[in-house]
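Q: Take this structure, written in C-alpha cells, and hold onto it; I'll ask about it next.
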Number of protein chains: 2
Amino acid sequence: MASRPSAGSVTIEDVAREAGVSRAAVSKVIRNAYGVSPAMKARVTEAIEKLGYRPSVSARGMRGKTFTVGIEIPELSNPFFPKLLAGATAALSGSPYRLIIAPADPEHGEGYRAIQALVDRQVDGVIAVSPLVDPEWLEALADHVPVVMIGRHDRSPKYDAVVSDDEDGARQVMRHLLDLGHRDIAHLTPAAGLAGIESGAPQAIRLAAYRDAMQEAGLGDRIRVVGSPNGQPESRRVALGLLAEADRPTAVFASHDEPALGVMHAVADAGLTPADVSVAGYDDVEIAAHPGISLTTVDQHGERMGRLAAELLLERIAGRAEPRHETVRPELVVRTSTRPPRPRGGAPRLRAVGRT
Amino acid sequence: MASRPSAGSVTIEDVAREAGVSRAAVSKVIRNAYGVSPAMKARVTEAIEKLGYRPSVSARGMRGKTFTVGIEIPELSNPFFPKLLAGATAALSGSPYRLIIAPADPEHGEGYRAIQALVDRQVDGVIAVSPLVDPEWLEALADHVPVVMIGRHDRSPKYDAVVSDDEDGARQVMRHLLDLGHRDIAHLTPAAGLAGIESGAPQAIRLAAYRDAMQEAGLGDRIRVVGSPNGQPESRRVALGLLAEADRPTAVFASHDEPALGVMHAVADAGLTPADVSVAGYDDVEIAAHPGISLTTVDQHGERMGRLAAELLLERIAGRAEPRHETVRPELVVRTSTRPPRPRGGAPRLRAVGRT
DNA sequence: CAGTCTGTGTAGATTGATCTACACCCAAAC
DNA sequence: GTTTGGGTGTAGATCAATCTACACAGACTG
C-alpha cells in the first residue's frame, strides 16, 4: 500500500522533535550508524513511521551520496535496451540504490546531455550505453564518479565495461550463412558501425568480423556494406533499394534486430520470401521468436549484461579502483529466416506452405 | 562535443571569485533574474564558460526547483510505453526541464515505490502511468507536487489526466469482429482489467465495452473473459488452454498487443491460422504492422498522449490550478489477423497460401 | 541643495541532511 | 576515591545554491 506520500514537508527536525531527541540522533538511526541504543532506535523509528518521514535526496546529495545510480540509454524504441534495464533493476533491487533512466534525446549528440543530466543530479554512479561518446570525455567523467560502459570494446583503466563478444557473435552468424551456402551476403550497419573499428562500437566490431569472414571465405570481392539508420522504417527503405538491384544478395546480415525486421519487411514488400533472401539479425529481441517472424539472430543476454553492469557499478561505489572488463558470450539462435540460397537463376515460385 | 564533464567540483563560489563578483550576482545571471548589468552578465558568463560550471541540482532542490520532471513507467518491455516517453521527451526538449524515468520494479506493488522515488528526488512534477495506484494516495501526492496521470479514467480535481477513449476503441474492435461475422469472441485481460470498472483502468473500460457490445449483439451468453498476465509467454500459455477447449472461440480480442502476440503465437502452436482464429489487440505497437504479424489493433497515439501529458504538466508547474482531462481518440487499424470465421463445423484445412 | 528614485550589486539567512568533535554518565579498575 | 573508558547522545559546521533585504551610486525632481 505504502504510507501517505510526503513531499519533503516532514523533515528530520520534525522527527527529532516528535521523538524528543536531536537531529543527529535521527540521522544516525536512518543511516544505521554507530552509537544508538535500542530504546532510542525504537522511539525514532516510531516517530519516522508516524510522520511518514522520507529523507530528502537533495539534502543528502549536498554532502555525499544520493543513493541513486543513473543509466543513460539511446533509442528506447529498440527492445534490446529494456532488457538491459530489467537486468540492472533486478541487480539493484536488494541494494539501497534506485535506478533512474536518462533517455538520450536523439536530437542532440550521442548522450552527452543525458549523461551530464545524470551527473548534475549527483548520481552515485553512471551506466552508459551510447557507443560513440568520446573516451577522453568519459575518462574525465570517471575521475569524478564511477562509470560502467556497456557495449563498447575499448579498454580504459578509469572505467569498467561490460561487452558482448561481438566478434564471436558476428562470426557465428557468418559461419551459419556460409555453411548454408550463401556467397552474396550483404551487411547492414548504422552510422556507428561506419565510425571505424577503433571506436570500439559493437556495430564496428561486427562489421569488421563480417569483412574478415568474407575475406577468409575467399569472398572479398563480394563484400557489400550498406549504411542505414537503425529504425525499422528506415532500414526497410534502404533494403528495398538493395533488393531492387540486379545482383541482389541472397542473404542480409543486419547489425541489429530492428533493422533486420525492416529488411524482412522489405523482402515481403518486394514479393519475396526468406527462401529468396535470408535475413539474420543481432540481439534476439522477444518478437524474433514469434512464428510469424522467426528471425535468426544472436542472443546477447541483455539481462545478464545489465545485471553485470549494475554489479560492477556497486563494486566501484564500494571502493574498488582496479578496472574490470567483463565479456558475455553471445549465442546464435537459428530460426527460419535463414535458409539455403536458391540455385542461381532459379525464379521465385509460389509454393504451398503449411505453418512455418 | 560538450565541454569537460564536471561533477560538482566547480561551485558558484568559484565562479564568483573568477569573475570578481558575489555569489548572489552569479546566481542572478544563471537564473536570468532582474538586476544585472550587461557588463556583469558578460563577465559572469565568461567565467562560467571558462570553469565549466554546472549548477548543482541538489543544492537547487534544497530551495525550490530542480528543473526535473519524473515519469513512472511499468513494464518497459511493453513497446507501447517507449512511445509515451518519446512524446514526453519531445515536448520537454524546448523547456529547461529534464525527464527522468523511474521504472516500476515489478516485484513491488504497482509503482508506489517508483513514484515515491521520484518525489524523494524533488522532481518538479510527476507523470504516472500505473493504472492501479490508489486515487486517494495520488490526491495526497498532488497536494505537494503537480501530477498528470496517463490512461486512467477517474477524474480528480487535484491532478490532470490524459486518456485514450478506451470505450470507443474497444467498441470499434468489437464492431469490426461482429461485422466479420464472429459470434464466439473471447476477451483476454490482465488482472488490472478484472479490478472492476470503478478502478478507471483502461483494461477495465475495454472489458466493460466488450461485455456491453456482446450484450447488445444478443451474445450475452457467449461472453468469455480470460484473465492473463500481460507478458507474451504467459498469454501464449493461457491461450493454448483456451484453444484446446471443445468450443474454442473464433476470435480473441486481447486488451493489449503484447498478449495478442502471445495469442497469435499460440494459434500457430495449435496448428491453426488466422483463418481459424482471428486475433485483435490494442496499442498498435510497431511490430504489428510487420507482414509476418499483421495484427489488427487500435492505435492509441501514444506519442501524442506522452506529449500532451508533458504539456499539461508544464502548465501545472507554471501555476494552473484547475484540473484538465484530455481525451485522445483511438483509431482502429485493420490488418489480416482478423478474418471472417469459418463456417461452423468446417475443419481446418491446409491451404496453399501466397504471401499475406 | 535636500530629497527621491532607479539601477546595480552584496551580505547573510535559509534549506535538510551528514559527520566530526565533544560532553555526559555509569561502571569497572587501580 | 580518583581514573579510565566504553556507550550514548548533542552541538554546530558544512554542503551549494536561492532570495530577501539592504547599501550605494548617480540621475532627476521640487
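Labels used: A, B, ... for chains in the order of the C-alpha cells, numbers from 1 for residues in each chain, and numbers from 1 for ligands as shown.
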Report as number ranges by chain all protein, DNA and RNA residues lying within 12 Å of Ala142 (chain B), evaluated on only C-alpha atoms (C1' of nucleotides), omitting residues in the same chain fewer than 3 positions from it.

A: A: 4-7; B: 115, 119, 124-128, 135-139, 145-149, 156-160, 313, 316-317, 321, 323

Q: For chain A, which residues have at least one atom within 8 Å of chain D, if we go by only C-alpha atoms (C1' of nucleotides)? Write them as a PyMOL selection string, please.

A: chain A and resi 22+24-25+35-37+62-63

Q: Would you please give, as a PyMOL selection string, all residues of region 130-339 of chain B that DSSP assigns to alpha helix (DSSP H) based on the backbone?

A: chain B and resi 135-142+166-180+191-194+202-216+232-244+257-269+302-318

Q: Residues of chain C within 8 Å of chain B, counting only C-alpha atoms (C1' of nucleotides), what are they? List them as a ChimeraX atom specification.

A: /C:7-10,15-16

Q: For the selection you just gave me, I'd like the residues written to a file as a PDB file, in the first residue's frame, keeping N, CA and C atoms (P, O5', C5', C4', C3', O3' and C1' of nucleotides).

A:
```
ATOM      1  P    DG C   7      15.153  51.314 -13.487  1.00  0.00           P
ATOM      2  O5'  DG C   7      16.674  50.966 -13.774  1.00  0.00           O
ATOM      3  C5'  DG C   7      17.621  52.025 -13.952  1.00  0.00           C
ATOM      4  C4'  DG C   7      18.978  51.573 -13.432  1.00  0.00           C
ATOM      5  C3'  DG C   7      19.253  50.073 -13.631  1.00  0.00           C
ATOM      6  O3'  DG C   7      20.568  49.949 -14.157  1.00  0.00           O
ATOM      7  C1'  DG C   7      19.595  50.647 -11.377  1.00  0.00           C
ATOM      8  P    DT C   8      21.108  48.542 -14.713  1.00  0.00           P
ATOM      9  O5'  DT C   8      21.969  48.014 -13.493  1.00  0.00           O
ATOM     10  C5'  DT C   8      23.163  48.736 -13.168  1.00  0.00           C
ATOM     11  C4'  DT C   8      23.705  48.281 -11.848  1.00  0.00           C
ATOM     12  C3'  DT C   8      24.097  46.802 -11.776  1.00  0.00           C
ATOM     13  O3'  DT C   8      25.504  46.758 -11.697  1.00  0.00           O
ATOM     14  C1'  DT C   8      23.096  47.584  -9.773  1.00  0.00           C
ATOM     15  P    DG C   9      26.254  45.363 -11.850  1.00  0.00           P
ATOM     16  O5'  DG C   9      26.357  44.880 -10.335  1.00  0.00           O
ATOM     17  C5'  DG C   9      27.427  45.383  -9.533  1.00  0.00           C
ATOM     18  C4'  DG C   9      27.130  45.154  -8.070  1.00  0.00           C
ATOM     19  C3'  DG C   9      27.287  43.703  -7.601  1.00  0.00           C
ATOM     20  O3'  DG C   9      28.527  43.581  -6.896  1.00  0.00           O
ATOM     21  C1'  DG C   9      25.382  44.797  -6.620  1.00  0.00           C
ATOM     22  P    DT C  10      28.907  42.203  -6.240  1.00  0.00           P
ATOM     23  O5'  DT C  10      28.318  42.408  -4.785  1.00  0.00           O
ATOM     24  C5'  DT C  10      28.663  43.561  -4.036  1.00  0.00           C
ATOM     25  C4'  DT C  10      28.190  43.392  -2.605  1.00  0.00           C
ATOM     26  C3'  DT C  10      28.521  42.045  -1.967  1.00  0.00           C
ATOM     27  O3'  DT C  10      28.977  42.264  -0.652  1.00  0.00           O
ATOM     28  C1'  DT C  10      26.179  42.409  -1.883  1.00  0.00           C
ATOM     29  P    DT C  15      14.326  27.701   6.608  1.00  0.00           P
ATOM     30  O5'  DT C  15      14.700  26.498   5.632  1.00  0.00           O
ATOM     31  C5'  DT C  15      14.229  26.487   4.290  1.00  0.00           C
ATOM     32  C4'  DT C  15      14.975  25.440   3.510  1.00  0.00           C
ATOM     33  C3'  DT C  15      15.216  24.151   4.301  1.00  0.00           C
ATOM     34  O3'  DT C  15      14.250  23.191   3.906  1.00  0.00           O
ATOM     35  C1'  DT C  15      17.136  24.828   3.025  1.00  0.00           C
ATOM     36  P    DG C  16      13.652  22.224   5.069  1.00  0.00           P
ATOM     37  O5'  DG C  16      14.651  21.004   4.992  1.00  0.00           O
ATOM     38  C5'  DG C  16      14.637  20.182   3.829  1.00  0.00           C
ATOM     39  C4'  DG C  16      15.707  19.135   3.962  1.00  0.00           C
ATOM     40  C3'  DG C  16      15.619  18.305   5.240  1.00  0.00           C
ATOM     41  O3'  DG C  16      15.920  16.967   4.898  1.00  0.00           O
ATOM     42  C1'  DG C  16      17.719  19.331   5.122  1.00  0.00           C
TER      43       DG C  16
END
```

Q: What residues in chain B have any atom no more than 6 Å from chain A when counting only C-alpha atoms, and can you write them as a ChimeraX atom specification?

A: /B:5,7,56-58,61,76-77,82,100-102,120-121,141,144,292-293,352-353

Q: From a backbone DSSP assignment, name each residue in region 90-210 of chain A labelled strand (DSSP E), as a ChimeraX atom specification.

A: /A:98-103,125-128,147-150,160-164,185-189
